[in-house]
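Listing of structure.json; format and content: JSON, C-alpha atoms.
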[["chain", "number", "residue", "atom", "x", "y", "z"],
["A", 12, "MET", "CA", 0.00, 0.00, 0.00],
["A", 13, "PHE", "CA", 1.19, 3.54, -0.78],
["A", 14, "ASN", "CA", 2.29, 5.23, 2.44],
["A", 15, "ALA", "CA", 3.69, 8.75, 1.96],
["A", 16, "LYS", "CA", 5.20, 8.85, 5.45],
["A", 17, "GLU", "CA", 7.13, 5.60, 4.96],
["A", 18, "ILE", "CA", 8.36, 6.71, 1.54],
["A", 19, "GLY", "CA", 9.53, 9.97, 3.08],
["A", 20, "GLN", "CA", 11.36, 8.11, 5.83],
["A", 21, "ARG", "CA", 13.17, 5.94, 3.27],
["A", 22, "VAL", "CA", 14.23, 9.02, 1.31],
["A", 23, "ARG", "CA", 15.42, 10.70, 4.51],
["A", 24, "VAL", "CA", 17.50, 7.65, 5.45],
["A", 25, "LEU", "CA", 19.08, 7.55, 1.98],
["A", 26, "ARG", "CA", 19.82, 11.27, 2.17],
["A", 27, "MET", "CA", 21.30, 11.08, 5.67],
["A", 28, "ARG", "CA", 23.48, 8.05, 4.81],
["A", 29, "ARG", "CA", 25.04, 10.07, 2.02],
["A", 30, "GLY", "CA", 25.42, 13.13, 4.22],
["A", 31, "ILE", "CA", 23.30, 15.24, 1.88],
["A", 32, "THR", "CA", 21.40, 18.26, 3.17],
["A", 33, "LEU", "CA", 17.79, 19.00, 2.31],
["A", 34, "GLU", "CA", 19.00, 22.02, 0.34],
["A", 35, "SER", "CA", 21.49, 20.00, -1.68],
["A", 36, "LEU", "CA", 18.98, 17.24, -2.50],
["A", 37, "ALA", "CA", 16.35, 19.78, -3.48],
["A", 38, "GLU", "CA", 18.85, 21.50, -5.77],
["A", 39, "GLN", "CA", 19.84, 18.19, -7.38],
["A", 40, "LEU", "CA", 16.19, 17.30, -7.96],
["A", 41, "HIS", "CA", 15.18, 20.79, -9.11],
["A", 42, "CYS", "CA", 12.55, 21.34, -6.45],
["A", 43, "SER", "CA", 12.24, 23.33, -3.26],
["A", 44, "ARG", "CA", 13.75, 22.47, 0.11],
["A", 45, "SER", "CA", 10.26, 22.85, 1.58],
["A", 46, "HIS", "CA", 8.86, 20.25, -0.81],
["A", 47, "ILE", "CA", 11.51, 17.68, 0.13],
["A", 48, "SER", "CA", 11.14, 18.46, 3.84],
["A", 49, "GLN", "CA", 7.35, 18.09, 3.76],
["A", 50, "ALA", "CA", 7.56, 14.90, 1.70],
["A", 51, "GLU", "CA", 10.12, 13.36, 4.07],
["A", 52, "ARG", "CA", 7.71, 13.98, 6.95],
["A", 53, "GLY", "CA", 4.79, 12.51, 5.01],
["A", 54, "VAL", "CA", 2.92, 15.82, 4.98],
["A", 55, "ARG", "CA", 3.18, 15.96, 1.22],
["A", 56, "SER", "CA", 3.51, 13.18, -1.37],
["A", 57, "TYR", "CA", 6.17, 12.83, -4.00],
["A", 58, "SER", "CA", 5.05, 12.85, -7.62],
["A", 59, "ILE", "CA", 5.92, 9.74, -9.62],
["A", 60, "ASP", "CA", 8.33, 11.85, -11.68],
["A", 61, "LEU", "CA", 10.13, 12.98, -8.53],
["A", 62, "LEU", "CA", 10.24, 9.40, -7.19],
["A", 63, "ILE", "CA", 11.87, 8.31, -10.45],
["A", 64, "ASP", "CA", 14.46, 11.08, -10.10],
["A", 65, "ILE", "CA", 15.11, 10.15, -6.45],
["A", 66, "ALA", "CA", 15.51, 6.47, -7.34],
["A", 67, "ALA", "CA", 18.01, 7.38, -10.07],
["A", 68, "PHE", "CA", 19.87, 9.81, -7.81],
["A", 69, "PHE", "CA", 20.30, 7.26, -5.00],
["A", 70, "ASP", "CA", 20.61, 4.25, -7.38],
["A", 71, "VAL", "CA", 17.74, 2.36, -5.75],
["A", 72, "SER", "CA", 14.61, 0.81, -7.21],
["A", 73, "LEU", "CA", 11.15, 2.29, -7.18],
["A", 74, "ASP", "CA", 10.07, -0.92, -5.43],
["A", 75, "TYR", "CA", 12.33, 0.04, -2.56],
["A", 76, "LEU", "CA", 11.15, 3.65, -2.39],
["A", 77, "ILE", "CA", 7.44, 2.94, -2.72],
["A", 78, "LEU", "CA", 7.02, -0.50, -1.16],
["A", 79, "GLY", "CA", 10.09, -0.81, 1.05],
["A", 80, "LYS", "CA", 11.34, -3.92, -0.73],
["A", 81, "PRO", "CA", 15.02, -4.45, 0.05],
["A", 82, "ALA", "CA", 17.33, -2.35, -2.04],
["A", 83, "VAL", "CA", 19.75, -4.03, -4.40],
["A", 84, "ASP", "CA", 22.83, -1.92, -5.00],
["A", 85, "GLY", "CA", 24.64, -1.66, -8.33],
["A", 86, "GLN", "CA", 27.36, -4.17, -7.41],
["A", 87, "THR", "CA", 24.83, -6.78, -6.30],
["A", 88, "ARG", "CA", 22.82, -6.21, -9.47],
["A", 89, "ARG", "CA", 25.92, -6.78, -11.63],
["A", 90, "GLU", "CA", 26.80, -9.96, -9.73],
["A", 91, "LEU", "CA", 23.27, -11.31, -10.15],
["A", 92, "LEU", "CA", 23.33, -10.58, -13.88],
["A", 93, "GLN", "CA", 26.65, -12.42, -14.18],
["A", 94, "ILE", "CA", 25.20, -15.44, -12.37],
["A", 95, "VAL", "CA", 22.15, -15.42, -14.66],
["A", 96, "GLN", "CA", 24.44, -15.34, -17.71],
["A", 97, "GLU", "CA", 26.46, -18.26, -16.37],
["A", 98, "LEU", "CA", 23.31, -20.28, -15.69],
["A", 99, "LEU", "CA", 22.03, -19.58, -19.20],
["A", 100, "THR", "CA", 25.36, -20.75, -20.63],
["A", 101, "ILE", "CA", 25.17, -23.97, -18.62],
["A", 102, "ALA", "CA", 21.54, -24.55, -19.59],
["A", 103, "ASN", "CA", 22.35, -24.15, -23.31],
["A", 104, "GLN", "CA", 25.20, -26.72, -23.28]]

Would you mind writing the file's structure down as structure tokens?
Amino acid sequence: MFNAKEIGQRVRVLRMRRGITLESLAEQLHCSRSHISQAERGVRSYSIDLLIDIAAFFDVSLDYLILGKPAVDGQTRRELLQIVQELLTIANQ
């Protein structure tokens, strides 16, 4: 279920882990500091376009941002793709 407060908390955690200020994130996403602040608190919702930009900025999936499904980082994603390729090679022999 869509929960604006939980989405905001996930964005806040991502931002804090990177040591990024509200001002800096807002500037990167081309929106106001107030918008990001309100959305992190769940007072305001993110638009789907802004969620896409946030997911790209933090290199996380929309599933993680919206639903809280565990994030898969870039390195893990590459390793999984390599394993899939190896399995396909084995299956085609």

- Query: Which is closer to Ile63 (chain A) than all the others in A:Arg29, A:Asn103, A:Leu40, A:Glu51, using all atoms listed in the file?
  - Reply: A:Leu40

- Task: Give the answer as one residue: which of A:Val95, A:Val22, A:Ile101, A:Ile59 has the shortest atom-to-atom distance to Ile47 (chain A), using all atoms listed in the file?
- Result: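 Counting all atoms listed in the file, the residue closest to Ile47 (chain A) is A:Val22.
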
- State, in Å with one decimal place, the distance from CA of Gly30 (chain A) to CA of Arg89 (chain A). 25.5 Å

Please give the centre and size of the box around region 42-46 of chain A (axis-aligned, containing every atom listed in the file, 8 Å added per side), with values in Å to one decimal and written as JSON.
{"center_x": 11.3, "center_y": 21.8, "center_z": -2.4, "size_x": 20.9, "size_y": 19.1, "size_z": 24.0}

- Message: So that I can see what lies close to Ser43 (chain A), please list as a PyMOL selection string the residues with an atom at most 8 Å from it, counting only C-alpha atoms and leaving out residues fewer than 5 positions away in the same chain.
- Response: chain A and resi 34+37-38

Would you kindly return, as a compact mmCIF listing (two decimals) with C-alpha atoms, keeping the file's coordinate frame, each protein, DNA or RNA residue with an atom no farther than 9 Å from any atom of Ala66 (chain A), considering all atoms listed in the file and excluding same-chain residues fewer than 5 positions away?
# COMPACT_ATOMS: atom_id res chain seq x y z
CA LEU A 61 10.13 12.98 -8.53
CA VAL A 71 17.74 2.36 -5.75
CA SER A 72 14.61 0.81 -7.21
CA LEU A 73 11.15 2.29 -7.18
CA TYR A 75 12.33 0.04 -2.56
CA LEU A 76 11.15 3.65 -2.39
